[in-house]
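What's in target-v7.cif: mmCIF, C-alpha atoms and all ligand atoms
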data_run
loop_
_atom_site.label_atom_id
_atom_site.label_comp_id
_atom_site.auth_asym_id
_atom_site.auth_seq_id
_atom_site.Cartn_x
_atom_site.Cartn_y
_atom_site.Cartn_z
CA MET J 296 -3.11 21.47 -4.48
CA ASP J 297 -2.77 18.01 -6.02
CA THR J 298 -4.68 15.18 -4.37
CA ILE J 299 -3.23 11.76 -3.56
CA PHE J 300 -4.99 8.54 -2.59
CA SER J 301 -3.16 5.50 -1.29
CA GLY J 302 -3.77 2.57 1.01
CA ILE J 303 -2.43 -0.59 2.58
CA GLN J 304 -4.38 -3.81 3.17
CA PRO J 305 -4.72 -5.02 6.78
CA SER J 306 -4.05 -8.54 5.50
CA GLY J 307 -1.30 -9.11 8.04
CA ILE J 308 1.11 -7.01 10.07
CA PRO J 309 2.92 -4.60 7.74
CA THR J 310 6.49 -5.51 6.86
CA ILE J 311 9.53 -3.34 6.56
CA GLY J 312 8.76 -3.55 2.80
CA ASN J 313 5.42 -1.80 3.36
CA TYR J 314 7.23 0.74 5.55
CA ILE J 315 9.95 1.55 3.04
CA GLY J 316 7.85 1.19 -0.11
CA ALA J 317 4.73 2.95 1.14
CA MET J 318 4.64 4.47 4.63
CA GLN J 319 7.88 6.45 4.38
CA GLN J 320 6.54 8.03 1.17
CA PHE J 321 3.14 8.71 2.77
CA VAL J 322 4.81 10.78 5.49
CA ALA J 323 6.87 12.79 3.01
CA LEU J 324 3.92 13.41 0.66
CA GLN J 325 1.58 14.75 3.35
CA GLU J 326 3.62 17.95 3.46
CA ASP J 327 2.89 18.99 -0.13
CA TYR J 328 -0.31 17.20 -1.14
CA ASN J 329 -3.90 16.81 -0.07
CA CYS J 330 -3.59 13.17 1.01
CA TYR J 331 -6.16 10.44 1.66
CA TYR J 332 -4.59 7.42 3.38
CA CYS J 333 -6.88 4.47 3.71
CA ILE J 334 -6.77 1.13 5.49
CA VAL J 335 -8.25 -0.93 2.67
CA ASP J 336 -10.01 -3.67 4.62
CA GLU J 337 -12.46 -4.41 1.78
CA HIS J 338 -9.50 -5.38 -0.37
CA ALA J 339 -8.18 -7.62 2.41
CA ILE J 340 -11.30 -9.82 2.33
CA THR J 341 -10.73 -10.84 -1.30
CA VAL J 342 -8.93 -13.76 0.37
CA PRO J 343 -10.33 -15.46 3.51
CA GLN J 344 -9.50 -13.64 6.77
CA ASP J 345 -10.13 -14.47 10.40
CA ARG J 346 -12.64 -11.78 11.44
CA LEU J 347 -11.13 -11.03 14.87
CA LYS J 348 -7.64 -10.92 13.47
CA LEU J 349 -8.77 -8.68 10.63
CA ARG J 350 -10.25 -6.18 13.11
CA GLU J 351 -7.09 -6.26 15.19
CA GLN J 352 -4.90 -5.77 12.12
CA THR J 353 -7.08 -2.93 10.87
CA LEU J 354 -6.74 -0.97 14.10
CA GLY J 355 -3.08 -1.95 14.37
CA LEU J 356 -2.41 -0.59 10.89
CA ALA J 357 -4.27 2.63 11.64
CA ALA J 358 -2.13 3.08 14.76
CA LEU J 359 0.98 2.39 12.71
CA TYR J 360 0.00 5.07 10.17
CA LEU J 361 0.03 7.56 13.03
CA ALA J 362 3.07 6.10 14.76
CA VAL J 363 5.24 6.48 11.65
CA GLY J 364 4.37 10.17 11.53
CA LEU J 365 1.16 10.65 9.56
CA ASP J 366 -0.55 13.73 10.90
CA PRO J 367 -4.38 13.72 10.92
CA GLN J 368 -4.28 17.52 10.64
CA LYS J 369 -2.50 17.20 7.31
CA ALA J 370 -3.87 13.94 5.87
CA THR J 371 -7.24 12.21 6.00
CA ILE J 372 -6.76 8.79 7.61
CA PHE J 373 -9.68 6.37 7.50
CA ILE J 374 -10.92 2.79 7.14
CA GLN J 375 -12.30 1.94 3.69
CA SER J 376 -15.35 -0.06 4.84
CA GLU J 377 -16.48 2.85 7.03
CA VAL J 378 -17.10 4.88 3.87
CA SER J 379 -19.82 2.96 2.05
CA ALA J 380 -19.34 5.00 -1.13
CA HIS J 381 -16.38 2.73 -2.02
CA ALA J 382 -18.52 -0.38 -2.46
CA GLU J 383 -21.31 1.56 -4.19
CA ALA J 384 -18.98 3.28 -6.65
CA ALA J 385 -17.20 -0.03 -7.30
CA TRP J 386 -20.50 -1.48 -8.56
CA ILE J 387 -20.96 1.37 -11.04
CA VAL J 388 -17.32 0.87 -12.11
CA GLN J 389 -17.90 -2.87 -12.64
CA CYS J 390 -20.92 -2.15 -14.80
CA ASN J 391 -18.73 -0.01 -17.03
CA THR J 392 -15.74 -2.33 -17.28
CA THR J 393 -15.53 -5.42 -19.46
CA ILE J 394 -14.65 -8.92 -18.32
CA GLY J 395 -11.98 -8.92 -21.03
CA GLU J 396 -10.25 -5.91 -19.48
CA LEU J 397 -10.24 -7.51 -16.04
CA GLU J 398 -9.06 -10.88 -17.32
CA ARG J 399 -6.08 -9.17 -18.92
CA MET J 400 -4.75 -8.01 -15.53
CA THR J 401 -1.53 -9.92 -14.93
CA GLN J 402 -2.22 -10.30 -11.20
CA PHE J 403 -5.50 -12.04 -12.04
CA LYS J 404 -3.84 -14.23 -14.64
CA ASP J 405 -1.00 -15.21 -12.26
CA LYS J 406 -3.17 -15.98 -9.25
CA SER J 407 -5.95 -17.77 -11.13
CA LEU J 408 -3.35 -19.88 -12.93
CA LYS J 409 -1.76 -20.79 -9.61
CA ASN J 410 -5.00 -21.59 -7.75
CA GLY J 411 -7.37 -22.53 -10.54
CA ARG J 412 -10.41 -20.45 -11.37
CA THR J 413 -12.73 -22.33 -9.07
CA GLY J 414 -10.37 -21.96 -6.14
CA VAL J 415 -10.38 -18.15 -5.94
CA SER J 416 -13.12 -15.65 -5.11
CA ALA J 417 -14.80 -13.64 -7.87
CA ALA J 418 -13.25 -10.60 -6.21
CA LEU J 419 -9.86 -11.63 -7.58
CA LEU J 420 -11.32 -10.57 -10.92
CA THR J 421 -13.34 -7.61 -9.65
CA TYR J 422 -11.06 -5.98 -7.09
CA PRO J 423 -9.48 -3.62 -9.66
CA PRO J 424 -12.88 -1.84 -10.00
CA LEU J 425 -12.83 -1.35 -6.20
CA MET J 426 -9.37 0.14 -6.58
CA ILE J 427 -10.66 2.43 -9.30
CA ALA J 428 -13.50 3.50 -6.99
CA ASP J 429 -10.99 4.25 -4.20
CA ILE J 430 -9.07 6.60 -6.45
CA ILE J 431 -11.87 8.42 -8.26
CA LEU J 432 -14.03 9.11 -5.20
CA TYR J 433 -11.48 11.59 -3.86
CA ASN J 434 -10.75 13.19 -7.23
CA ALA J 435 -7.18 12.00 -6.80
CA ASN J 436 -5.07 13.25 -9.67
CA LEU J 437 -1.91 11.50 -8.46
CA VAL J 438 -1.55 7.92 -7.29
CA PRO J 439 1.80 6.80 -5.87
CA VAL J 440 2.23 3.18 -6.96
CA GLY J 441 4.97 0.68 -7.53
CA ASP J 442 5.66 -1.01 -10.85
CA ASP J 443 3.29 -3.89 -10.07
CA GLN J 444 0.32 -1.51 -9.93
CA LYS J 445 0.96 0.37 -13.18
CA GLN J 446 -1.44 -1.82 -15.13
CA HIS J 447 -4.26 -1.07 -12.69
CA LEU J 448 -3.62 2.63 -13.04
CA GLU J 449 -3.87 2.30 -16.83
CA LEU J 450 -7.20 0.53 -16.32
CA THR J 451 -8.33 3.41 -14.08
CA ARG J 452 -7.40 6.01 -16.68
CA ASP J 453 -9.21 4.06 -19.43
CA PHE J 454 -12.26 3.70 -17.21
CA VAL J 455 -12.42 7.41 -16.34
CA GLU J 456 -12.08 8.47 -19.97
CA ARG J 457 -14.83 6.04 -21.01
CA PHE J 458 -17.12 7.06 -18.15
CA ASN J 459 -16.73 10.76 -18.86
CA LYS J 460 -17.43 10.17 -22.55
CA ARG J 461 -20.50 8.05 -21.84
CA TYR J 462 -22.07 10.09 -19.09
CA GLY J 463 -20.41 13.52 -18.98
CA THR J 464 -19.77 16.21 -21.53
CA GLU J 465 -16.46 17.44 -22.89
CA LYS J 466 -16.91 20.69 -20.99
CA GLN J 467 -18.07 18.98 -17.81
CA PRO J 468 -16.29 15.69 -17.20
CA ILE J 469 -17.61 13.86 -14.14
CA LEU J 470 -14.38 12.24 -12.96
CA ILE J 471 -10.71 13.23 -12.84
CA VAL J 472 -8.18 11.22 -14.88
CA PRO J 473 -5.39 10.25 -12.44
CA GLU J 474 -1.68 10.22 -13.22
CA VAL J 475 0.78 7.63 -11.91
CA LYS J 476 3.27 8.99 -9.43
CA ILE J 477 6.26 6.66 -9.29
CA PRO J 478 7.94 7.22 -5.92
CA GLU J 479 11.42 8.73 -6.18
CA GLN J 480 12.86 6.03 -3.93
CA GLY J 481 10.86 3.26 -5.53
CA ALA J 482 12.66 0.61 -3.52
CA ARG J 483 11.24 -2.89 -3.83
CA ILE J 484 12.16 -4.89 -0.77
CA MET J 485 12.63 -8.59 -1.35
CA SER J 486 12.11 -11.64 0.86
CA LEU J 487 15.00 -12.31 3.26
CA GLN J 488 14.82 -16.01 2.41
CA GLU J 489 14.12 -15.81 -1.33
CA PRO J 490 15.61 -12.48 -2.41
CA THR J 491 14.21 -12.71 -5.93
CA LYS J 492 10.65 -12.68 -4.53
CA LYS J 493 8.90 -9.58 -3.10
CA MET J 494 8.75 -9.35 0.69
CA SER J 495 5.07 -9.86 1.64
CA LYS J 496 3.20 -9.64 4.92
CA SER J 497 1.19 -12.76 4.03
CA ASP J 498 4.26 -14.90 3.32
CA VAL J 499 3.84 -18.25 5.10
CA ASN J 500 7.51 -18.22 6.02
CA ALA J 501 7.90 -15.58 8.78
CA LYS J 502 11.68 -15.66 8.31
CA GLY J 503 11.17 -14.08 4.89
CA TYR J 504 9.98 -10.76 6.27
CA ILE J 505 10.56 -8.33 9.09
CA SER J 506 7.23 -7.35 10.53
CA MET J 507 7.00 -3.79 11.82
CA LEU J 508 6.02 -5.27 15.18
CA ASP J 509 8.81 -7.86 15.46
CA GLU J 510 10.72 -7.66 18.73
CA PRO J 511 14.31 -6.36 18.54
CA ASN J 512 15.88 -9.79 19.11
CA VAL J 513 13.63 -11.31 16.42
CA ILE J 514 14.63 -8.57 13.95
CA ARG J 515 18.34 -9.15 14.61
CA LYS J 516 17.90 -12.90 14.28
CA LYS J 517 15.99 -12.67 10.99
CA ILE J 518 18.65 -10.38 9.52
CA ARG J 519 21.40 -12.73 10.72
CA SER J 520 19.74 -15.63 8.94
CA ALA J 521 18.94 -13.70 5.75
CA VAL J 522 20.10 -15.55 2.63
CA THR J 523 23.21 -14.02 1.03
CA ASP J 524 25.98 -15.71 -0.98
CA SER J 525 29.38 -17.23 -0.39
CA SER J 526 31.57 -14.44 -1.81
CA GLY J 527 31.62 -12.53 1.49
CA LYS J 528 31.96 -9.19 -0.31
CA ILE J 529 29.48 -6.39 0.29
CA GLU J 530 28.55 -5.18 -3.19
CA TYR J 531 25.38 -3.96 -4.83
CA ASP J 532 24.65 -6.32 -7.72
CA VAL J 533 20.98 -7.27 -7.90
CA GLU J 534 21.49 -9.83 -10.63
CA ASN J 535 24.33 -11.83 -9.10
CA LYS J 536 24.02 -10.94 -5.41
CA PRO J 537 20.29 -10.38 -4.80
CA GLY J 538 20.48 -11.15 -1.07
CA ILE J 539 23.16 -8.67 -0.06
CA SER J 540 21.79 -6.08 -2.53
CA ASN J 541 18.40 -6.33 -0.82
CA LEU J 542 20.01 -5.85 2.59
CA LEU J 543 21.87 -2.80 1.27
CA THR J 544 18.57 -1.35 0.00
CA ILE J 545 16.96 -1.86 3.40
CA TYR J 546 19.99 -0.40 5.20
CA ALA J 547 19.98 2.70 2.97
CA ALA J 548 16.26 3.28 3.57
CA VAL J 549 16.45 3.00 7.36
CA SER J 550 19.70 4.93 7.79
CA GLN J 551 19.25 7.71 5.21
CA LYS J 552 22.68 6.76 3.86
CA THR J 553 23.22 6.02 0.17
CA ILE J 554 24.05 2.54 -1.09
CA PRO J 555 27.50 3.61 -2.44
CA ALA J 556 28.31 5.18 0.96
CA LEU J 557 27.37 1.91 2.70
CA VAL J 558 29.40 -0.18 0.24
CA GLU J 559 32.40 2.03 0.99
CA GLN J 560 31.80 1.92 4.75
CA TYR J 561 31.75 -1.90 4.71
CA ALA J 562 34.47 -2.45 2.09
CA GLU J 563 36.68 -4.27 4.59
CA ALA J 564 33.91 -5.86 6.65
CA GLY J 565 32.36 -9.32 6.51
CA TYR J 566 28.67 -10.21 6.28
CA GLY J 567 28.48 -10.85 10.04
CA GLU J 568 29.45 -7.30 11.01
CA PHE J 569 27.30 -5.79 8.26
CA LYS J 570 24.25 -7.80 9.34
CA ALA J 571 24.74 -6.96 13.02
CA ASP J 572 24.83 -3.22 12.22
CA LEU J 573 21.83 -3.51 9.90
CA GLY J 574 19.85 -5.29 12.63
CA ASP J 575 20.65 -2.41 15.01
CA ALA J 576 19.70 0.20 12.40
CA ILE J 577 16.29 -1.43 11.81
CA VAL J 578 15.64 -1.72 15.54
CA ALA J 579 16.55 1.96 15.99
CA VAL J 580 13.82 2.91 13.49
CA LEU J 581 11.13 0.41 14.46
CA GLU J 582 11.38 0.45 18.26
CA PRO J 583 10.07 4.03 18.75
CA ILE J 584 7.31 3.33 16.20
CA GLN J 585 6.28 0.22 18.16
CA ILE J 586 6.19 2.13 21.45
CA ARG J 587 4.04 4.89 19.93
CA GLN J 588 1.73 2.35 18.31
CA LYS J 589 1.12 0.66 21.65
CA GLU J 590 0.30 4.01 23.30
CA LEU J 591 -2.14 4.85 20.52
CA LEU J 592 -3.89 1.49 20.76
CA ALA J 593 -4.36 2.00 24.49
CA SER J 594 -5.74 5.53 24.12
CA ASP J 595 -9.08 6.97 22.92
CA GLU J 596 -7.22 9.18 20.48
CA LEU J 597 -7.09 6.58 17.72
CA ASN J 598 -10.87 6.08 17.56
CA LEU J 599 -11.46 9.83 17.51
CA ILE J 600 -8.99 10.28 14.66
CA LEU J 601 -10.59 7.45 12.68
CA ASP J 602 -14.11 8.81 13.30
CA ASP J 603 -13.05 12.21 12.09
CA GLY J 604 -11.17 10.75 9.10
CA ALA J 605 -14.20 8.69 8.03
CA GLU J 606 -16.45 11.74 8.35
CA ARG J 607 -14.13 13.88 6.23
CA ALA J 608 -13.70 11.11 3.66
CA ARG J 609 -17.48 10.51 3.47
CA ARG J 610 -18.15 14.17 2.69
CA VAL J 611 -15.88 14.12 -0.36
CA ALA J 612 -16.67 10.56 -1.50
CA ASN J 613 -20.45 10.97 -1.28
CA LYS J 614 -20.31 14.05 -3.49
CA THR J 615 -18.46 12.18 -6.23
CA LEU J 616 -20.72 9.15 -5.83
CA GLN J 617 -23.80 11.36 -6.26
CA LYS J 618 -22.32 12.77 -9.47
CA MET J 619 -21.75 9.21 -10.71
CA ARG J 620 -25.30 8.18 -9.76
CA ASN J 621 -26.71 11.21 -11.56
CA GLY J 622 -24.54 10.51 -14.59
CA VAL J 623 -25.70 6.90 -14.84
CA GLY J 624 -29.32 7.69 -13.90
CA LEU J 625 -29.60 5.78 -10.63
CA GLY J 626 -32.31 6.68 -8.13
CA ARG J 627 -33.95 10.10 -8.09
CA LYS J 628 -32.00 13.13 -9.16
CA VAL J 629 -30.45 15.02 -6.27
N1 LIG A 701 8.22 -5.68 -0.64
C1 LIG A 701 7.81 -4.43 -0.83
N2 LIG A 701 8.69 -3.46 -1.15
C2 LIG A 701 8.29 -2.20 -1.35
N3 LIG A 701 7.00 -1.81 -1.24
C3 LIG A 701 6.08 -2.74 -0.91
N4 LIG A 701 4.74 -2.69 -0.74
C4 LIG A 701 4.29 -3.92 -0.42
N5 LIG A 701 5.31 -4.79 -0.37
C5 LIG A 701 6.43 -4.09 -0.68
C6 LIG A 701 3.95 -1.48 -0.87
O1 LIG A 701 3.06 -1.43 0.24
C7 LIG A 701 1.84 -0.82 -0.18
C8 LIG A 701 0.65 -1.58 0.31
O2 LIG A 701 0.60 -2.85 -0.10
P1 LIG A 701 -0.69 -3.72 0.16
O3 LIG A 701 -0.74 -4.18 1.55
O4 LIG A 701 -1.92 -2.99 -0.25
O5 LIG A 701 -0.55 -4.90 -0.82
P2 LIG A 701 0.68 -5.66 -1.31
O6 LIG A 701 1.49 -4.83 -2.25
O7 LIG A 701 0.15 -6.96 -1.83
O8 LIG A 701 1.54 -5.87 0.02
P3 LIG A 701 1.98 -7.22 0.66
O9 LIG A 701 2.76 -6.91 1.89
O10 LIG A 701 2.63 -8.10 -0.36
O11 LIG A 701 0.58 -7.79 1.12
P4 LIG A 701 -0.04 -9.21 0.88
O12 LIG A 701 0.96 -10.20 1.38
O13 LIG A 701 -1.29 -9.19 1.72
O14 LIG A 701 -0.35 -9.35 -0.57
C9 LIG A 701 1.89 -0.66 -1.68
O15 LIG A 701 2.19 0.70 -1.96
C10 LIG A 701 3.04 -1.54 -2.09
O16 LIG A 701 3.70 -1.06 -3.25
#
Will you turn the file into structure tokens for me?
Ligand code: AQP
Amino acid sequence: MDTIFSGIQPSGIPTIGNYIGAMQQFVALQEDYNCYYCIVDEHAITVPQDRLKLREQTLGLAALYLAVGLDPQKATIFIQSEVSAHAEAAWIVQCNTTIGELERMTQFKDKSLKNGRTGVSAALLTYPPLMIADIILYNANLVPVGDDQKQHLELTRDFVERFNKRYGTEKQPILIVPEVKIPEQGARIMSLQEPTKKMSKSDVNAKGYISMLDEPNVIRKKIRSAVTDSSGKIEYDVENKPGISNLLTIYAAVSQKTIPALVEQYAEAGYGEFKADLGDAIVAVLEPIQIRQKELLASDELNLILDDGAERARRVANKTLQKMRNGVGLGRKV
């Protein structure tokens, strides 16, 4: 069976973008793959976080993983920092990656240009090695990622090939080279206020995103005030009508209807009616998830599931880490 690794950062409350772009896929994939779903809290601290909020968001995200339908019997669900192999392997990865490679990452270039090199943590440069560690520790051969992560996957593949060549043999490679798995419904959800910009949970403007924990009236209000255009016609045209096209993408994902079917359904309708129905459709999906999340947070079940997930993850990750340590020559041979 193929193995998949994926994760979400607890850097805020997940948005409907995280739900559509990641969580919905996670649930579908757990049926056919050996899945490791991580709450990547070590990635979240690459930018400053409030420690109490981070803890709350970490548990909240874990509860959301379960509330959307991830099944701990089928997938391994765990918190990254509870498996110390991630940080250890990331160090070995860093020692076998060049500064030049990391400086070429467009996300590093963009963010360091925006904030200046002295204004960002060194982890902005070195978090891709942590991502590489996440993937290789579980022998993941498939990684579901969006377009923006393709470059990091290329870096991972280059790293694995180099590492195997340096420390393994052709007959006995140490690490598995992962393949990119582009999700079939690779929808990219955009900000409700600036529909040419990705919807992000850390957006300073809360009107730009729908958080998975927004109350029903807040969801309806945010959709009502989403930026559209003045034509009043419901059409899918990303270039010329990014706002309404984004709303159509969201509607399709939460209703299981296709975009052409929605365009036909609303051919005679105005934006007001369309937005009111979309608000209801989002609430219909998120409300039961919110109720389940609350129950999980109030129960002991969540901690037991996370303990078990960390234990299962540690068993696999520690084995790979030991192989890496042996390959490089760290410590005494085990
Ligand atoms: N707008 C989006 N549309 C579709 N998919 C999205 N994802 C994120 N935003 C959208 C997918 O969610 C997964 C986890 O993302 P992450 O939390 O690890 O980091 P991110 O991509 O940086 O997400 P955010 O919400 O934008 O977080 P912040 O604001 O903290 O940087 C990934 O699979 C991603 O594709």
Provide the CA of Gln617 (chain J) to CA of Val629 (chain J) distance in Å, to one decimal place.
7.6 Å
Please return, as a PDB file with C-alpha atoms, in the frame of the given file, all polymer residues that have at least one atom within 12 Å of the point (28.2, 2.4, -1.0); use only C-alpha atoms and the file's own coordinate frame.
ATOM      1  CA  ILE J 529      29.480  -6.390   0.290  1.00  0.00           C
ATOM      2  CA  GLU J 530      28.550  -5.180  -3.190  1.00  0.00           C
ATOM      3  CA  TYR J 531      25.380  -3.960  -4.830  1.00  0.00           C
ATOM      4  CA  ASP J 532      24.650  -6.320  -7.720  1.00  0.00           C
ATOM      5  CA  SER J 540      21.790  -6.080  -2.530  1.00  0.00           C
ATOM      6  CA  LEU J 543      21.870  -2.800   1.270  1.00  0.00           C
ATOM      7  CA  THR J 544      18.570  -1.350   0.000  1.00  0.00           C
ATOM      8  CA  TYR J 546      19.990  -0.400   5.200  1.00  0.00           C
ATOM      9  CA  ALA J 547      19.980   2.700   2.970  1.00  0.00           C
ATOM     10  CA  LYS J 552      22.680   6.760   3.860  1.00  0.00           C
ATOM     11  CA  THR J 553      23.220   6.020   0.170  1.00  0.00           C
ATOM     12  CA  ILE J 554      24.050   2.540  -1.090  1.00  0.00           C
ATOM     13  CA  PRO J 555      27.500   3.610  -2.440  1.00  0.00           C
ATOM     14  CA  ALA J 556      28.310   5.180   0.960  1.00  0.00           C
ATOM     15  CA  LEU J 557      27.370   1.910   2.700  1.00  0.00           C
ATOM     16  CA  VAL J 558      29.400  -0.180   0.240  1.00  0.00           C
ATOM     17  CA  GLU J 559      32.400   2.030   0.990  1.00  0.00           C
ATOM     18  CA  GLN J 560      31.800   1.920   4.750  1.00  0.00           C
ATOM     19  CA  TYR J 561      31.750  -1.900   4.710  1.00  0.00           C
ATOM     20  CA  ALA J 562      34.470  -2.450   2.090  1.00  0.00           C
TER      21      ALA J 562
END
Quick one: of J:Pro490, J:Pro511, J:Gly574, J:Pro343, who's nearest to Glu534 (chain J), counting all atoms listed in the file?
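The closest residue to Glu534 (chain J) is J:Pro490.
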Distance limit 7 Å, reference ligand LIG 701 (chain A), atoms considered: all atoms listed in the file. Which residues make the cut? Give them as a PyMOL selection string.
chain J and resi 302-307+309-310+312-313+315-317+440-441+482-485+493-498
Within 7 Å of Phe403 (chain J), counting all atoms listed in the file, which residues show up once you throw out same-chain ones fewer than 5 positions away? Write them as a PyMOL selection string, please.
chain J and resi 398+419-420
Report as a PyMOL selection string all protein, DNA and RNA residues lying within 9 Å of region 355-362 of chain J, evaluated on all atoms listed in the file, omitting residues in the same chain fewer than 4 positions from it.
chain J and resi 303-305+308-309+318+321-322+332-334+350-351+366-367+372-374+507+583-592+597+601
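Here CA of Lys409 (chain J) and CA of Lys517 (chain J) stand 28.4 Å from one another.
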With distances taken over all atoms listed in the file, which of J:Ser550, J:Asn613, J:Asn535, J:Thr421 is nearest to Leu397 (chain J)?
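Comparing J:Ser550, J:Asn613, J:Asn535, J:Thr421 against Leu397 (chain J), the winner is J:Thr421.
The shortest atom-to-atom distance to Thr401 (chain J), with all atoms listed in the file taken into account, belongs to J:Asp443 out of J:Asp429, J:Glu377, J:Asp443, J:Asp602.
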Could you tell me which of J:Leu425, J:Leu365, J:Val611, J:Ala605 comes closest to Ala339 (chain J) if we count all atoms listed in the file?
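Among J:Leu425, J:Leu365, J:Val611, J:Ala605, it is J:Leu425 that comes nearest to Ala339 (chain J).
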Could you work out how far CA of Leu542 (chain J) lies from CA of Thr491 (chain J), giving the answer in Å with one decimal?
12.4 Å
So, counting only C-alpha atoms, which residue among J:Gly411, J:Ala593, J:Ala521, J:Leu437 is closest to Ser301 (chain J)?
J:Leu437
Could you list as a list of chain:residue names every residue that has an atom within 12 Å of (-14.0, -10.7, -7.5), using the file's coordinates and counting only C-alpha atoms?
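These residues have at least one counted atom within 12 Å: J:Glu337, J:His338, J:Ala339, J:Ile340, J:Thr341, J:Val342, J:Ala385, J:Trp386, J:Gln389, J:Ile394, J:Leu397, J:Glu398, J:Phe403, J:Ser407, J:Arg412, J:Thr413, J:Gly414, J:Val415, J:Ser416, J:Ala417, J:Ala418, J:Leu419, J:Leu420, J:Thr421, J:Tyr422, J:Pro423, J:Pro424, J:Leu425, J:Met426.
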If you count only C-alpha atoms, which residues fall within 7 Å of region 467-472 of chain J, apart from same-chain ones fewer than 4 positions away, as a ChimeraX atom specification?
/J:431,434,436,452,455-456,459,463,618
Mind dumping the selected residues with C-alpha atoms as an mmCIF file, in the coordinates of the input?
data_model
loop_
_atom_site.group_PDB
_atom_site.id
_atom_site.type_symbol
_atom_site.label_atom_id
_atom_site.label_comp_id
_atom_site.auth_asym_id
_atom_site.auth_seq_id
_atom_site.Cartn_x
_atom_site.Cartn_y
_atom_site.Cartn_z
ATOM 1 C CA ILE J 431 -11.870 8.420 -8.260
ATOM 2 C CA ASN J 434 -10.750 13.190 -7.230
ATOM 3 C CA ASN J 436 -5.070 13.250 -9.670
ATOM 4 C CA ARG J 452 -7.400 6.010 -16.680
ATOM 5 C CA VAL J 455 -12.420 7.410 -16.340
ATOM 6 C CA GLU J 456 -12.080 8.470 -19.970
ATOM 7 C CA ASN J 459 -16.730 10.760 -18.860
ATOM 8 C CA GLY J 463 -20.410 13.520 -18.980
ATOM 9 C CA LYS J 618 -22.320 12.770 -9.470
#
Residue nearest Phe569 (chain J) among J:Arg457, J:Lys404, J:Lys528, J:Lys628 (counting only C-alpha atoms)
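Using only C-alpha atoms, Phe569 (chain J) sits closest to J:Lys528.
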Axis-aligned box for region 530-545 of chain J, 5 Å per side, centre and edges in Å as lines of an AutoDock Vina configuration file:
center_x = 22.8
center_y = -6.6
center_z = -3.6
size_x = 21.6
size_y = 20.5
size_z = 24.0
